Amino acid sequence: MTHIAIDIGASSGRLVLGDLNGDKLSIQEIHRFSNSFTLSDGQAQWNVDKLLMEILKGLEKVKKLGYENITIGIDTWAVDYVLIDQHGERIQEAFCYRDQRTENAMVKMAEHISMQAIYEKTGIQLQSFNTLFQLSVEKPALLEKAKYILLIPDYLAYRLTGMAVLERTNASTMQLFNVTEGVFDDELLTLIGVKAEQFAPFIDPGQVIGELQYEQFKAFDLPRCTVIAVASHDTASAIAGTPSITENWAYLSSGTWSLLGVEKMAPIITPTAYRENYTNEWGVFGTYRFLINIMGMWILQEVLRNSNENYELEQVLQEAAEVEPYLQFINFNEFRFLKPSNMIIEIQRYCEETMQIVPQTIGELAACVFSNLSIIYAMAIEQLQYMTRASIDTLYIVGGGSKNHLLNQMTANMSKRTVFAGPAEATAIGNILLQLMAVNKVQSLQEGRQLVFHSFPVQVFEPVEVSRTDILARFKQIMEKGQRPA
Ligand code: ADP
Ligand code: LRH
């Protein structure tokens with residue numbers, strides 16, 4: 001049996017074949033495609049039909065390679081959803097979490113319930129884009145028509161199998177569950193006018209969702225395909241696929257977002273965690289991901305897009321390395337960076353407003369992004385140590401951003417921690433691990449992580465001395481003047 005991970009992030013998607021040979025796991029990328037939200041009438045939406053088409057194209061390639069019998073698992077970004085009517089049709093296009101419709105949603109909801117009360121119930125960070133807030137601004141007539149509210153990976157699995165499920169790791173990001181009891185919170189559901197029956201039944205990673213419905217896709221030459229529930233939240237898959245073999249570790253899943261945190265067996269819900277906006281997302285096997293969302297490579301992606309040049313990343317990194325770092329201090333977690341109309345202009349405006357040197361060239365802009373991300377990462381590690389009362393010695397960076405050797409070194413320096421970087425495809429690997437566990441080829445998460453460590457190159461970055469105290473002090477000064485976080 002062959003296992004294929006379908007891993008779709010906000011910037012790209014891929015079908016990856018995983019092959020377990022003895023005590024070595026190898027992966028082969030079969031199909032890759034770009035992804036981004038589109039703006040239609042100013043609304044940011046995902047093209048979910050295109051995503052389904054890319055999955056089918058990828059599965060055709062799998063068949064062409066001679067694989068007749070496969071399992072697949074699907075993971076994507078969290079919080080976004082599709083409304084399905086009683087005929088199984090999509091009621092409207094899927095909104096992207098960056099759409100401006102939720103800009104005032106938290107303020108409006110605060111008229112009925114305090115944000116702290118929501119946090120204490122759910123353990124989930126307060127972000128205007130969480131499903132809770134997205135549903136709160138949805139038109140009531142549309143919500144009433146919805147038989148099912150399906151998160152994106154569940155929706156894609158539904159299109160392939162006809163089976164509606166709510167995969168558990170992604171479910172918590174909706175901010176609709178009581179964190180300790182794991183059941184829907186009635187007060188929150190009532191506030192947004194949604195019923196618990198409008199969500200499909202829970203499914204845990206490792207369980208079978210269903211068989212691919214061949215008759216629906218006759219135009220494609222597809223292999224026999226069982227769809228298995230994996231950790232369908234990409235971040236949950238990434239952390240499952242992190243090669244953490246040391247004690248006292250933190251992770252940084254570095255893609256469009258930077259998700260920095262620790263794995264815990266119980267949630268941490270304290271006034272500090274609330275104030276600093278740390279979340280307790282449900283992970284695999286009863287774990288919690290206690291982490292913070294940091295505006296990660298999104299900033300660089302947008303700088304590159306707005307530059308209108310076709311820069312190679314390697315070239316950008318080289319130019320950034322030649323620029324003096326830590327010349328500007330910017331809190332990229334401010335709301336203004338969630339979806340500015342032009343990221344370059346937004347950065348430059350911020351620098352003008354705060355009377356700092358304005359970055360101009362692509363190298364200067366990238367150095368500015370990496371400098372500040374490394375500071376934000378370092379600060380998050382200190383906060384995590386404080387809140388968990390446990391020391392953190394090592395940072396595992398996974399995801400596409402782990403290929404950024406310049407930022408890896410800056411992060412090691414600023415955090416004064418050893419950084420292990422890679423694999424870049426940890427999310428797809430975590431997805432495959434859950435499939436391997438479903439068929440009993442891997443017995444535990446720990447065994448899976450050992451397997452990843454021994455199978456894929458991991459690069460080590462040791463910290464070197466920088467004027468860290470001064471840099472952190474200057475960043476904190478800027479932060480105090482700043483806007484509310486995203
Ligand atoms: P997502 O899953 O959110 O779409 P990925 O994990 O695919 O994100 O990571 C995408 C990011 O990885 C890019 O925005 C880029 O910054 C970074 N990246 C990819 N390849 C490289 C590379 N060769 N060097 C440095 N950074 C890279
Ligand atoms: C990363 C991610 C993250 C969520 C965000 C919406 O891709 O899933 O964990 O907070 O997208």
# chains A, B, ... in the order shown; residues from 1 in each chain; ligands from 1
>>> residues_near_ligand(ligand="ligand 1", cutoff="7 Å", atoms="only C-alpha atoms and all ligand atoms", output="number ranges by chain")
A: 8-13, 254-257, 297-298, 300-301, 313-314, 399-404, 424
>>> residues_near_ligand(ligand="ligand 2", cutoff="6 Å", atoms="only C-alpha atoms and all ligand atoms", output="PDB file with N, CA and C atoms, in the first residue's frame")
ATOM      1  N   GLY A   9      -0.857  24.439   1.624  1.00  0.00           N
ATOM      2  CA  GLY A   9      -0.664  25.622   2.456  1.00  0.00           C
ATOM      3  C   GLY A   9      -1.246  26.838   1.758  1.00  0.00           C
ATOM      4  N   TRP A  77      -4.454  24.733   5.665  1.00  0.00           N
ATOM      5  CA  TRP A  77      -4.489  25.757   6.728  1.00  0.00           C
ATOM      6  C   TRP A  77      -5.821  25.643   7.482  1.00  0.00           C
ATOM      7  N   ALA A  78      -5.858  26.275   8.644  1.00  0.00           N
ATOM      8  CA  ALA A  78      -7.016  26.114   9.539  1.00  0.00           C
ATOM      9  C   ALA A  78      -8.091  27.190   9.312  1.00  0.00           C
ATOM     10  N   VAL A  79      -9.031  27.208  10.158  1.00  0.00           N
ATOM     11  CA  VAL A  79     -10.110  28.203  10.408  1.00  0.00           C
ATOM     12  C   VAL A  79     -11.128  28.469   9.274  1.00  0.00           C
ATOM     13  N   HIS A 233      -5.185  19.802  10.183  1.00  0.00           N
ATOM     14  CA  HIS A 233      -4.639  21.152  10.351  1.00  0.00           C
ATOM     15  C   HIS A 233      -3.151  21.052  10.013  1.00  0.00           C
ATOM     16  N   ASP A 234      -2.722  21.832   9.027  1.00  0.00           N
ATOM     17  CA  ASP A 234      -1.327  21.696   8.563  1.00  0.00           C
ATOM     18  C   ASP A 234      -0.319  21.864   9.699  1.00  0.00           C
ATOM     19  N   THR A 235      -0.629  22.757  10.640  1.00  0.00           N
ATOM     20  CA  THR A 235       0.315  22.968  11.740  1.00  0.00           C
ATOM     21  C   THR A 235       0.395  21.722  12.629  1.00  0.00           C
ATOM     22  N   TRP A 257       2.685  31.419   7.732  1.00  0.00           N
ATOM     23  CA  TRP A 257       2.701  31.835   9.135  1.00  0.00           C
ATOM     24  C   TRP A 257       3.921  31.225   9.824  1.00  0.00           C
TER      25      TRP A 257
END
>>> closest_residue(among="A:Glu167, A:Glu322, A:Glu60, A:Asp19", to="Leu406 (chain A)", atoms="only C-alpha atoms")
A:Glu322
>>> atom_distance(atom1="CA of Val16 (chain A)", atom2="CA of Glu211 (chain A)")
19.2 Å
>>> residues_around(residues="region 388-392 of chain A", least_positions_apart="5", cutoff="8 Å", atoms="only C-alpha atoms", output="number ranges by chain")
A: 248-250, 268, 381
>>> closest_residue(among="A:His454, A:Lys121, A:Arg349, A:His87", to="Thr279 (chain A)", atoms="only C-alpha atoms")
A:Lys121
>>> closest_residue(among="A:Ile344, A:Val452, A:Val284, A:Ala320", to="Arg305 (chain A)", atoms="only C-alpha atoms")
A:Ile344
>>> select_by_dssp(residues="region 31-232 of chain A", states="alpha helix (DSSP H)", output="VMD selection string")
chain A and resid 48 to 64 105 to 109 115 to 122 131 to 136 140 to 145 152 to 161 168 to 171 186 to 192
>>> select_by_dssp(residues="region 4-65 of chain A", states="strand (DSSP E or B)", output="PyMOL selection string")
chain A and resi 4-8+12-21+24-34+38-40+43-46
>>> closest_residue(among="A:Thr122, A:Gln198, A:Ser237, A:Gln86", to="Glu181 (chain A)", atoms="only C-alpha atoms")
A:Thr122
>>> closest_atom_pairs(of="region 334-399 of chain A", to="region 274-278 of chain A", cutoff="10 Å", atoms="only C-alpha atoms", output="Markdown table")
| residue | atom | partner | partner_atom | distance |
| --- | --- | --- | --- | --- |
| A:Ala380 | CA | A:Glu276 | CA | 9.4 |
| A:Gln383 | CA | A:Glu276 | CA | 8.6 |
| A:Leu384 | CA | A:Tyr278 | CA | 9.1 |
| A:Met387 | CA | A:Tyr278 | CA | 9.8 |
>>> closest_residue(among="A:Gln315, A:Thr411, A:Gln100, A:Ser258", to="Lys339 (chain A)", atoms="only C-alpha atoms")
A:Gln100
>>> closest_atom_pairs(of="region 408-441 of chain A", to="region 458-478 of chain A", cutoff="9 Å", atoms="only C-alpha atoms", output="CSV")
residue,atom,partner,partner_atom,distance
A:Asn408,CA,A:Phe461,CA,6.9
A:Gln409,CA,A:Phe461,CA,5.9
A:Met410,CA,A:Pro463,CA,8.1
A:Thr411,CA,A:Pro463,CA,8.1
A:Ala412,CA,A:Pro463,CA,4.6
A:Asn413,CA,A:Pro463,CA,4.3
A:Met414,CA,A:Arg468,CA,6.1
A:Ser415,CA,A:Pro463,CA,7.8
A:Lys416,CA,A:Pro463,CA,5.3
A:Arg417,CA,A:Pro463,CA,6.1
A:Thr418,CA,A:Glu462,CA,4.9
A:Val419,CA,A:Phe461,CA,5.0
A:Phe420,CA,A:Val460,CA,4.7
A:Ala421,CA,A:Gln459,CA,5.0
A:Gly422,CA,A:Val458,CA,5.0
A:Pro423,CA,A:Val458,CA,6.4
>>> write_last_selection(atoms="C-alpha atoms", output="PDB file, in the first residue's frame")
ATOM      1  CA  ASN A 408      17.998  30.347  10.914  1.00  0.00           C
ATOM      2  CA  GLN A 409      21.357  31.763  11.993  1.00  0.00           C
ATOM      3  CA  MET A 410      19.823  35.078  13.084  1.00  0.00           C
ATOM      4  CA  THR A 411      17.245  33.131  15.112  1.00  0.00           C
ATOM      5  CA  ALA A 412      19.925  31.030  16.786  1.00  0.00           C
ATOM      6  CA  ASN A 413      21.835  34.224  17.649  1.00  0.00           C
ATOM      7  CA  MET A 414      18.883  36.205  18.953  1.00  0.00           C
ATOM      8  CA  SER A 415      17.418  33.307  20.924  1.00  0.00           C
ATOM      9  CA  LYS A 416      20.813  32.010  22.126  1.00  0.00           C
ATOM     10  CA  ARG A 417      19.525  28.516  21.358  1.00  0.00           C
ATOM     11  CA  THR A 418      20.682  25.729  19.062  1.00  0.00           C
ATOM     12  CA  VAL A 419      18.475  25.630  15.983  1.00  0.00           C
ATOM     13  CA  PHE A 420      17.763  22.377  14.132  1.00  0.00           C
ATOM     14  CA  ALA A 421      16.448  23.234  10.667  1.00  0.00           C
ATOM     15  CA  GLY A 422      14.444  20.882   8.473  1.00  0.00           C
ATOM     16  CA  PRO A 423      12.798  19.039   7.010  1.00  0.00           C
TER      17      PRO A 423
END
>>> residues_around(residues="region 326-335 of chain A", least_positions_apart="4", cutoff="8 Å", atoms="only C-alpha atoms", output="list in words")
Ile294, Met295, Ile299, Tyr350, Cys351, Gln356, Ile357, Val358, Ala367, Cys368, Ser371, Asn372, Leu373, Ile376, Ile471, Arg474, Phe475, Ile478, Met479, Gly482, Gln483, Arg484, Pro485 and Ala486 of chain A
>>> residues_around(residues="Phe202 (chain A)", least_positions_apart="3", cutoff="10 Å", atoms="only C-alpha atoms", output="list in words")
Ala164, Val165, Leu166, Glu167, Arg168, Thr169, Ala171 and Phe199 of chain A
>>> write_last_selection(atoms="N, CA and C atoms", output="mmCIF file, in the first residue's frame")
data_model
loop_
_atom_site.group_PDB
_atom_site.id
_atom_site.type_symbol
_atom_site.label_atom_id
_atom_site.label_comp_id
_atom_site.auth_asym_id
_atom_site.auth_seq_id
_atom_site.Cartn_x
_atom_site.Cartn_y
_atom_site.Cartn_z
ATOM 1 N N ALA A 164 -19.019 13.391 5.215
ATOM 2 C CA ALA A 164 -18.784 14.648 5.943
ATOM 3 C C ALA A 164 -18.246 14.342 7.337
ATOM 4 N N VAL A 165 -17.087 14.896 7.653
ATOM 5 C CA VAL A 165 -16.472 14.672 8.968
ATOM 6 C C VAL A 165 -15.925 15.989 9.510
ATOM 7 N N LEU A 166 -15.638 15.999 10.792
ATOM 8 C CA LEU A 166 -14.970 17.130 11.431
ATOM 9 C C LEU A 166 -13.715 16.584 12.096
ATOM 10 N N GLU A 167 -12.589 16.781 11.429
ATOM 11 C CA GLU A 167 -11.340 16.213 11.950
ATOM 12 C C GLU A 167 -10.909 17.009 13.193
ATOM 13 N N ARG A 168 -10.495 16.275 14.200
ATOM 14 C CA ARG A 168 -10.360 16.867 15.531
ATOM 15 C C ARG A 168 -9.257 17.939 15.653
ATOM 16 N N THR A 169 -8.081 17.729 15.047
ATOM 17 C CA THR A 169 -7.012 18.719 15.275
ATOM 18 C C THR A 169 -7.379 20.080 14.680
ATOM 19 N N ALA A 171 -10.505 21.096 14.273
ATOM 20 C CA ALA A 171 -11.751 21.567 14.889
ATOM 21 C C ALA A 171 -11.491 22.627 15.958
ATOM 22 N N PHE A 199 -22.469 20.836 12.206
ATOM 23 C CA PHE A 199 -21.101 20.339 12.018
ATOM 24 C C PHE A 199 -21.166 18.832 11.884
#
>>> atom_distance(atom1="CA of Thr287 (chain A)", atom2="CA of Ala5 (chain A)")
21.6 Å
